[in-house]
Amino acid sequence: MRVRLEDVARAAGVSPKTVSRVLNEEAYVKDSTRQRVLAAMESMNYRPSPSARGLAGSKSFLVAMLYDNNDNPASTYLAEIQDGVLDACNENRYSMMACPLRMRGPDFIRRVDALISDHHVDGVVITPPLTDHPPLLRRLKEREVPYASVSPVNRQHVIGVCMDDEHAAKALVTHLIELGHRRIAHVLGITTHGASRWRAAGYKAALSAAGIPYDPDYVVEGEFLFGSGVVAARKLFDLPEPPTAIFAANDDMAAGVMWAANERGLKVPRDLSVCGFDDTPLASQLWPPLTTVRQPAREMGKLATLQLMELLRGRGEGLLVQVPYSLQLRESTGAPPKTS
């Protein structure tokens, strides 16, 4: 017969509500009582059902990850974030649902309301650019739905996770300068993303520190997609003095730059150095392997979710955690051509 929550309570000498509180890892349970309940669960091979876990309150034990479906829903960055959210949920006996939303759609807020009402989510994890969308944040606060943000632009009174994209981009472009490059181009990401602005700022800061004038012709807007990297690179290659190095704001666009370089008969890195950002699995699968910044997206998704769960369990108000970056120097960057 299936072991019930009431059976565990009876074996541990506590109430069913106390067992539920232990399952939910709530703070206000004596450690000796917690250990007694956990021991009873282990000895009886008890596996809680979602309904049993909810006896201590009206929780759904469901976390929603929100992302803008106008972005590439299959992007490796979003996939890594989602894996991290799922890791945290699995470790803490929560369920996760991924929710694509069209931020610029006319029914955006209505869909958010439907999500909250229909699924009774305990909290949400928000990814860029939704992290700084005022109507969304306002509605979540009105509905009293806790949320954690991944890489928010506004970092005041926010919980979640972030990274210093500007300094990371500056370090990457400085690497190109140290190799001898002076004509360095940048493929921007989507302008509504904070990451695009920070990485562009890092690019400009590196040029300024080296005394290299900023040339707007060397900056082309992309969309964080492979195809936009191809289009941007073609524009850059058509300049009277094309760049000897291109820094793309993510790995997908950097892959597009490398594709376009091959189309023109350019060898990477002999004729053109290319670098990206994020260090997604794609970066090491390309040939030559891509120089990039490692942004631990999976870890960031997990950390943001864990901060949300701290808030949900009443253990604290949650924090905005900053993760470190690291340069991944690979074979896609080298010295500029001697004729440059």
# chains A, B, ... in the order shown; residues from 1 in each chain; ligands from 1

call {"tool": "residues_around", "arguments": {"residues": "Gly301 in chain A", "least_positions_apart": "5", "cutoff": "6 Å", "atoms": "only C-alpha atoms", "output": "PyMOL selection string"}}
result
chain A and resi 81+84-85

call {"tool": "closest_atom_pairs", "arguments": {"of": "range 282-333 of chain A", "to": "range 137-155 of chain A", "cutoff": "10 Å", "atoms": "only C-alpha atoms", "output": "CSV"}}
result
residue,atom,partner,partner_atom,distance
A:Ala297,CA,A:Val150,CA,9.2
A:Met300,CA,A:Val150,CA,7.0
A:Gly301,CA,A:Val150,CA,7.0
A:Lys302,CA,A:Val150,CA,10.0
A:Leu303,CA,A:Val150,CA,9.2
A:Ala304,CA,A:Ala148,CA,5.8
A:Thr305,CA,A:Ala148,CA,6.8
A:Leu306,CA,A:Ala148,CA,9.1
A:Gln307,CA,A:Ala148,CA,7.1
A:Leu308,CA,A:Ala148,CA,5.6
A:Met309,CA,A:Ala148,CA,9.3
A:Leu311,CA,A:Pro146,CA,7.6
A:Leu312,CA,A:Pro146,CA,7.5
A:Gly318,CA,A:Ala148,CA,8.6
A:Leu319,CA,A:Ala148,CA,9.1
A:Leu320,CA,A:Arg155,CA,7.6
A:Val321,CA,A:Val150,CA,9.8
A:Gln322,CA,A:Ser151,CA,9.2

call {"tool": "write_last_selection", "arguments": {"atoms": "N, CA and C atoms", "output": "CSV table (one decimal), in the first residue's frame"}}
result
chain,number,residue,atom,x,y,z
A,297,ALA,N,25.3,30.7,-17.9
A,297,ALA,CA,23.8,30.9,-18.0
A,297,ALA,C,23.0,29.9,-17.2
A,300,MET,N,23.2,30.7,-13.6
A,300,MET,CA,22.5,31.9,-13.3
A,300,MET,C,21.0,31.6,-13.2
A,301,GLY,N,20.5,30.8,-14.1
A,301,GLY,CA,19.1,30.4,-14.0
A,301,GLY,C,18.8,29.7,-12.7
A,302,LYS,N,19.8,28.8,-12.2
A,302,LYS,CA,19.6,28.1,-11.0
A,302,LYS,C,19.7,29.1,-9.8
A,303,LEU,N,20.6,30.0,-9.8
A,303,LEU,CA,20.8,30.9,-8.7
A,303,LEU,C,19.6,31.8,-8.5
A,304,ALA,N,19.1,32.3,-9.6
A,304,ALA,CA,17.9,33.2,-9.6
A,304,ALA,C,16.7,32.5,-9.0
A,305,THR,N,16.6,31.2,-9.3
A,305,THR,CA,15.5,30.4,-8.8
A,305,THR,C,15.6,30.1,-7.3
A,306,LEU,N,16.9,29.9,-6.9
A,306,LEU,CA,17.1,29.6,-5.5
A,306,LEU,C,16.8,30.8,-4.7
A,307,GLN,N,17.2,32.0,-5.2
A,307,GLN,CA,16.8,33.3,-4.5
A,307,GLN,C,15.3,33.4,-4.4
A,308,LEU,N,14.6,33.1,-5.4
A,308,LEU,CA,13.2,33.1,-5.4
A,308,LEU,C,12.6,32.2,-4.3
A,309,MET,N,13.2,31.0,-4.2
A,309,MET,CA,12.7,30.0,-3.2
A,309,MET,C,13.0,30.5,-1.8
A,311,LEU,N,12.8,33.4,-0.8
A,311,LEU,CA,11.6,34.4,-0.5
A,311,LEU,C,10.3,33.6,-0.3
A,312,LEU,N,10.1,32.6,-1.1
A,312,LEU,CA,8.9,31.8,-1.0
A,312,LEU,C,8.8,31.1,0.3
A,318,GLY,N,15.6,37.4,-0.2
A,318,GLY,CA,16.3,37.1,-1.4
A,318,GLY,C,17.4,38.2,-1.7
A,319,LEU,N,18.3,37.8,-2.6
A,319,LEU,CA,19.4,38.7,-2.9
A,319,LEU,C,19.6,38.8,-4.4
A,320,LEU,N,20.3,39.8,-4.9
A,320,LEU,CA,20.8,39.9,-6.2
A,320,LEU,C,22.2,39.4,-6.2
A,321,VAL,N,22.4,38.2,-6.7
A,321,VAL,CA,23.7,37.6,-6.7
A,321,VAL,C,24.5,37.9,-8.0
A,322,GLN,N,25.8,38.3,-7.8
A,322,GLN,CA,26.6,38.6,-9.0
A,322,GLN,C,27.5,37.4,-9.2

call {"tool": "select_by_dssp", "arguments": {"residues": "range 231-306 of chain A", "states": "helix (DSSP H, G or I)", "output": "JSON, numbers by chain"}}
result
{"A": [231, 232, 233, 234, 235, 236, 237, 251, 252, 253, 254, 255, 256, 257, 258, 259, 260, 261, 262, 263, 281, 282, 283, 284, 285, 297, 298, 299, 300, 301, 302, 303, 304, 305, 306]}

call {"tool": "write_last_selection", "arguments": {"atoms": "C-alpha atoms", "output": "PDB file, in the first residue's frame"}}
result
ATOM      1  CA  VAL A 231      23.940  40.164 -42.386  1.00  0.00           C
ATOM      2  CA  ALA A 232      26.031  42.361 -40.076  1.00  0.00           C
ATOM      3  CA  ALA A 233      29.294  40.777 -41.191  1.00  0.00           C
ATOM      4  CA  ARG A 234      28.465  41.304 -44.868  1.00  0.00           C
ATOM      5  CA  LYS A 235      27.937  45.021 -44.186  1.00  0.00           C
ATOM      6  CA  LEU A 236      31.253  45.235 -42.359  1.00  0.00           C
ATOM      7  CA  PHE A 237      33.150  43.378 -45.097  1.00  0.00           C
ATOM      8  CA  ASP A 251      27.956  33.353 -29.719  1.00  0.00           C
ATOM      9  CA  ASP A 252      25.079  32.796 -32.171  1.00  0.00           C
ATOM     10  CA  MET A 253      25.902  36.032 -34.008  1.00  0.00           C
ATOM     11  CA  ALA A 254      29.625  35.263 -33.854  1.00  0.00           C
ATOM     12  CA  ALA A 255      28.865  31.964 -35.604  1.00  0.00           C
ATOM     13  CA  GLY A 256      27.034  33.964 -38.284  1.00  0.00           C
ATOM     14  CA  VAL A 257      30.077  36.219 -38.678  1.00  0.00           C
ATOM     15  CA  MET A 258      32.303  33.168 -39.175  1.00  0.00           C
ATOM     16  CA  TRP A 259      29.869  31.771 -41.772  1.00  0.00           C
ATOM     17  CA  ALA A 260      29.920  35.065 -43.685  1.00  0.00           C
ATOM     18  CA  ALA A 261      33.727  35.175 -43.496  1.00  0.00           C
ATOM     19  CA  ASN A 262      33.912  31.727 -45.082  1.00  0.00           C
ATOM     20  CA  GLU A 263      31.459  32.913 -47.751  1.00  0.00           C
ATOM     21  CA  PRO A 281      28.010  24.823 -26.227  1.00  0.00           C
ATOM     22  CA  LEU A 282      28.096  26.173 -29.793  1.00  0.00           C
ATOM     23  CA  ALA A 283      31.310  28.089 -29.051  1.00  0.00           C
ATOM     24  CA  SER A 284      33.412  24.944 -28.660  1.00  0.00           C
ATOM     25  CA  GLN A 285      31.609  23.124 -31.497  1.00  0.00           C
ATOM     26  CA  ALA A 297      23.809  30.892 -17.965  1.00  0.00           C
ATOM     27  CA  ARG A 298      22.705  27.571 -16.467  1.00  0.00           C
ATOM     28  CA  GLU A 299      24.145  28.513 -13.094  1.00  0.00           C
ATOM     29  CA  MET A 300      22.490  31.933 -13.350  1.00  0.00           C
ATOM     30  CA  GLY A 301      19.096  30.362 -13.973  1.00  0.00           C
ATOM     31  CA  LYS A 302      19.593  28.117 -10.972  1.00  0.00           C
ATOM     32  CA  LEU A 303      20.807  30.893  -8.666  1.00  0.00           C
ATOM     33  CA  ALA A 304      17.924  33.197  -9.587  1.00  0.00           C
ATOM     34  CA  THR A 305      15.456  30.405  -8.820  1.00  0.00           C
ATOM     35  CA  LEU A 306      17.119  29.605  -5.504  1.00  0.00           C
TER      36      LEU A 306
END

call {"tool": "closest_residue", "arguments": {"among": "A:Thr192, A:Cys162, A:Ile177, A:Asn24", "to": "Asp68 in chain A", "atoms": "only C-alpha atoms"}}
result
A:Thr192

call {"tool": "closest_residue", "arguments": {"among": "A:Ala168, A:Val187, A:Leu179, A:Leu78", "to": "Ser326 in chain A", "atoms": "only C-alpha atoms"}}
result
A:Ala168

call {"tool": "residues_around", "arguments": {"residues": "range 58-65 of chain A", "least_positions_apart": "2", "cutoff": "8 Å", "atoms": "only C-alpha atoms", "output": "MDAnalysis selection string"}}
result
chainID A and resid 50 54:56 67 82 85 89 93:99 120:127

call {"tool": "residues_around", "arguments": {"residues": "range 287-293 of chain A", "least_positions_apart": "6", "cutoff": "12 Å", "atoms": "only C-alpha atoms", "output": "number ranges by chain"}}
result
A: 163-173, 175-176, 199, 245-259, 262, 267-270, 272-281, 324-334

call {"tool": "select_by_dssp", "arguments": {"residues": "range 41-200 of chain A", "states": "strand (DSSP E or B)", "output": "PyMOL selection string"}}
result
chain A and resi 62-68+95-101+123-126+147-150+160-163+184-188

call {"tool": "residues_around", "arguments": {"residues": "Glu6 in chain A", "least_positions_apart": "6", "cutoff": "10 Å", "atoms": "only C-alpha atoms", "output": "compact mmCIF listing (two decimals) with C-alpha atoms, in the first residue's frame"}}
result
# COMPACT_ATOMS: atom_id res chain seq x y z
CA ALA A 12 7.13 10.51 13.86
CA VAL A 14 3.73 14.79 15.00
CA SER A 15 0.74 16.30 13.20
CA PRO A 16 0.26 15.96 9.42
CA LYS A 17 0.67 19.73 9.18
CA VAL A 19 5.12 16.81 8.19
CA SER A 20 3.94 19.11 5.40
CA ALA A 52 0.11 16.45 0.42

call {"tool": "residues_around", "arguments": {"residues": "Ala39 in chain A", "least_positions_apart": "3", "cutoff": "12 Å", "atoms": "only C-alpha atoms", "output": "compact mmCIF listing (two decimals) with all heavy atoms, in the first residue's frame"}}
result
# COMPACT_ATOMS: atom_id res chain seq x y z
N VAL A 8 3.27 8.87 8.02
CA VAL A 8 4.55 9.43 8.45
C VAL A 8 4.36 10.23 9.72
O VAL A 8 5.17 10.14 10.66
CB VAL A 8 5.13 10.32 7.33
CG1 VAL A 8 6.40 11.04 7.83
CG2 VAL A 8 5.45 9.51 6.09
N ALA A 9 3.29 11.01 9.78
CA ALA A 9 3.02 11.82 10.97
C ALA A 9 2.86 10.94 12.20
O ALA A 9 3.40 11.23 13.27
CB ALA A 9 1.77 12.67 10.76
N ALA A 11 4.06 7.89 12.65
CA ALA A 11 5.33 7.25 12.99
C ALA A 11 6.28 8.22 13.68
O ALA A 11 7.06 7.83 14.56
CB ALA A 11 5.98 6.68 11.74
N ALA A 12 6.22 9.51 13.29
CA ALA A 12 7.13 10.51 13.86
C ALA A 12 6.55 11.15 15.12
O ALA A 12 7.26 11.91 15.80
CB ALA A 12 7.43 11.59 12.83
N GLY A 13 5.28 10.89 15.40
CA GLY A 13 4.66 11.47 16.58
C GLY A 13 4.38 12.95 16.45
O GLY A 13 4.48 13.71 17.42
N VAL A 19 4.45 17.56 9.26
CA VAL A 19 5.12 16.81 8.19
C VAL A 19 5.14 17.64 6.92
O VAL A 19 6.15 17.73 6.22
CB VAL A 19 4.42 15.46 7.94
CG1 VAL A 19 5.07 14.75 6.74
CG2 VAL A 19 4.49 14.57 9.17
N VAL A 22 7.74 20.29 7.09
CA VAL A 22 9.08 19.74 6.87
C VAL A 22 9.30 19.52 5.37
O VAL A 22 10.37 19.84 4.82
CB VAL A 22 9.26 18.42 7.64
CG1 VAL A 22 10.58 17.75 7.24
CG2 VAL A 22 9.24 18.68 9.14
N SER A 32 15.19 19.07 15.84
CA SER A 32 14.99 17.70 16.32
C SER A 32 13.72 17.09 15.72
O SER A 32 13.69 15.92 15.33
CB SER A 32 14.91 17.67 17.85
OG SER A 32 13.86 18.51 18.31
N THR A 33 12.67 17.91 15.60
CA THR A 33 11.43 17.44 14.99
C THR A 33 11.63 17.17 13.50
O THR A 33 11.17 16.16 12.96
CB THR A 33 10.32 18.49 15.17
OG1 THR A 33 10.13 18.75 16.56
CG2 THR A 33 9.01 18.01 14.57
N ARG A 34 12.34 18.07 12.84
CA ARG A 34 12.61 17.91 11.42
C ARG A 34 13.35 16.59 11.16
O ARG A 34 13.00 15.83 10.25
CB ARG A 34 13.43 19.09 10.89
CG ARG A 34 13.61 19.10 9.37
CD ARG A 34 14.54 20.25 8.96
NE ARG A 34 14.07 21.52 9.45
CZ ARG A 34 13.14 22.26 8.84
NH1 ARG A 34 12.60 21.82 7.72
NH2 ARG A 34 12.77 23.41 9.35
N GLN A 35 14.38 16.33 11.97
CA GLN A 35 15.16 15.11 11.78
C GLN A 35 14.33 13.86 12.04
O GLN A 35 14.48 12.84 11.36
CB GLN A 35 16.40 15.13 12.70
CG GLN A 35 17.41 16.22 12.39
CD GLN A 35 17.86 16.19 10.94
OE1 GLN A 35 18.11 15.11 10.38
NE2 GLN A 35 17.96 17.36 10.32
N ARG A 36 13.43 13.94 13.01
CA ARG A 36 12.56 12.79 13.31
C ARG A 36 11.61 12.50 12.14
O ARG A 36 11.40 11.35 11.77
CB ARG A 36 11.78 13.06 14.59
CG ARG A 36 11.10 11.82 15.17
CD ARG A 36 10.70 12.01 16.62
NE ARG A 36 9.59 12.95 16.78
CZ ARG A 36 9.70 14.15 17.33
NH1 ARG A 36 10.89 14.59 17.77
NH2 ARG A 36 8.65 14.95 17.46
N GLU A 42 12.26 8.42 5.45
CA GLU A 42 13.28 7.54 4.85
C GLU A 42 12.98 6.08 5.14
O GLU A 42 13.04 5.22 4.23
CB GLU A 42 14.66 7.92 5.38
CG GLU A 42 15.81 7.11 4.80
CD GLU A 42 16.06 7.41 3.35
OE1 GLU A 42 15.66 8.51 2.87
OE2 GLU A 42 16.64 6.54 2.66
N SER A 43 12.67 5.77 6.37
CA SER A 43 12.42 4.38 6.75
C SER A 43 11.17 3.81 6.09
O SER A 43 11.08 2.61 5.82
CB SER A 43 12.30 4.25 8.28
OG SER A 43 11.14 4.93 8.75
N MET A 44 10.20 4.70 5.78
CA MET A 44 8.94 4.25 5.18
C MET A 44 8.93 4.42 3.66
O MET A 44 7.93 4.12 3.01
CB MET A 44 7.77 5.02 5.80
CG MET A 44 7.69 4.86 7.32
SD MET A 44 6.42 5.90 8.08
CE MET A 44 4.94 4.98 7.65
N ASN A 45 10.07 4.93 3.11
CA ASN A 45 10.18 5.16 1.66
C ASN A 45 9.02 6.02 1.16
O ASN A 45 8.37 5.73 0.15
CB ASN A 45 10.21 3.83 0.90
CG ASN A 45 10.70 4.00 -0.53
OD1 ASN A 45 11.47 4.91 -0.83
ND2 ASN A 45 10.24 3.14 -1.43
N TYR A 46 8.78 7.12 1.88
CA TYR A 46 7.64 7.99 1.58
C TYR A 46 7.97 8.92 0.42
O TYR A 46 9.02 9.56 0.40
CB TYR A 46 7.26 8.80 2.82
CG TYR A 46 6.19 9.84 2.56
CD1 TYR A 46 4.90 9.46 2.24
CD2 TYR A 46 6.48 11.20 2.63
CE1 TYR A 46 3.91 10.41 2.00
CE2 TYR A 46 5.51 12.16 2.40
CZ TYR A 46 4.22 11.75 2.08
OH TYR A 46 3.26 12.69 1.85

call {"tool": "atom_distance", "arguments": {"atom1": "CA of Leu266 in chain A", "atom2": "CA of Asp215 in chain A"}}
result
22.6 Å

call {"tool": "closest_residue", "arguments": {"among": "A:Leu66, A:Ala195, A:Pro240, A:Ile184", "to": "Pro213 in chain A", "atoms": "only C-alpha atoms"}}
result
A:Ile184

call {"tool": "atom_distance", "arguments": {"atom1": "CA of Asp83 in chain A", "atom2": "CA of Tyr203 in chain A"}}
result
29.6 Å

call {"tool": "atom_distance", "arguments": {"atom1": "CA of His193 in chain A", "atom2": "CA of Pro128 in chain A"}}
result
6.1 Å

call {"tool": "closest_residue", "arguments": {"among": "A:Leu86, A:Thr76, A:Val29, A:Leu38", "to": "Phe226 in chain A", "atoms": "only C-alpha atoms"}}
result
A:Thr76
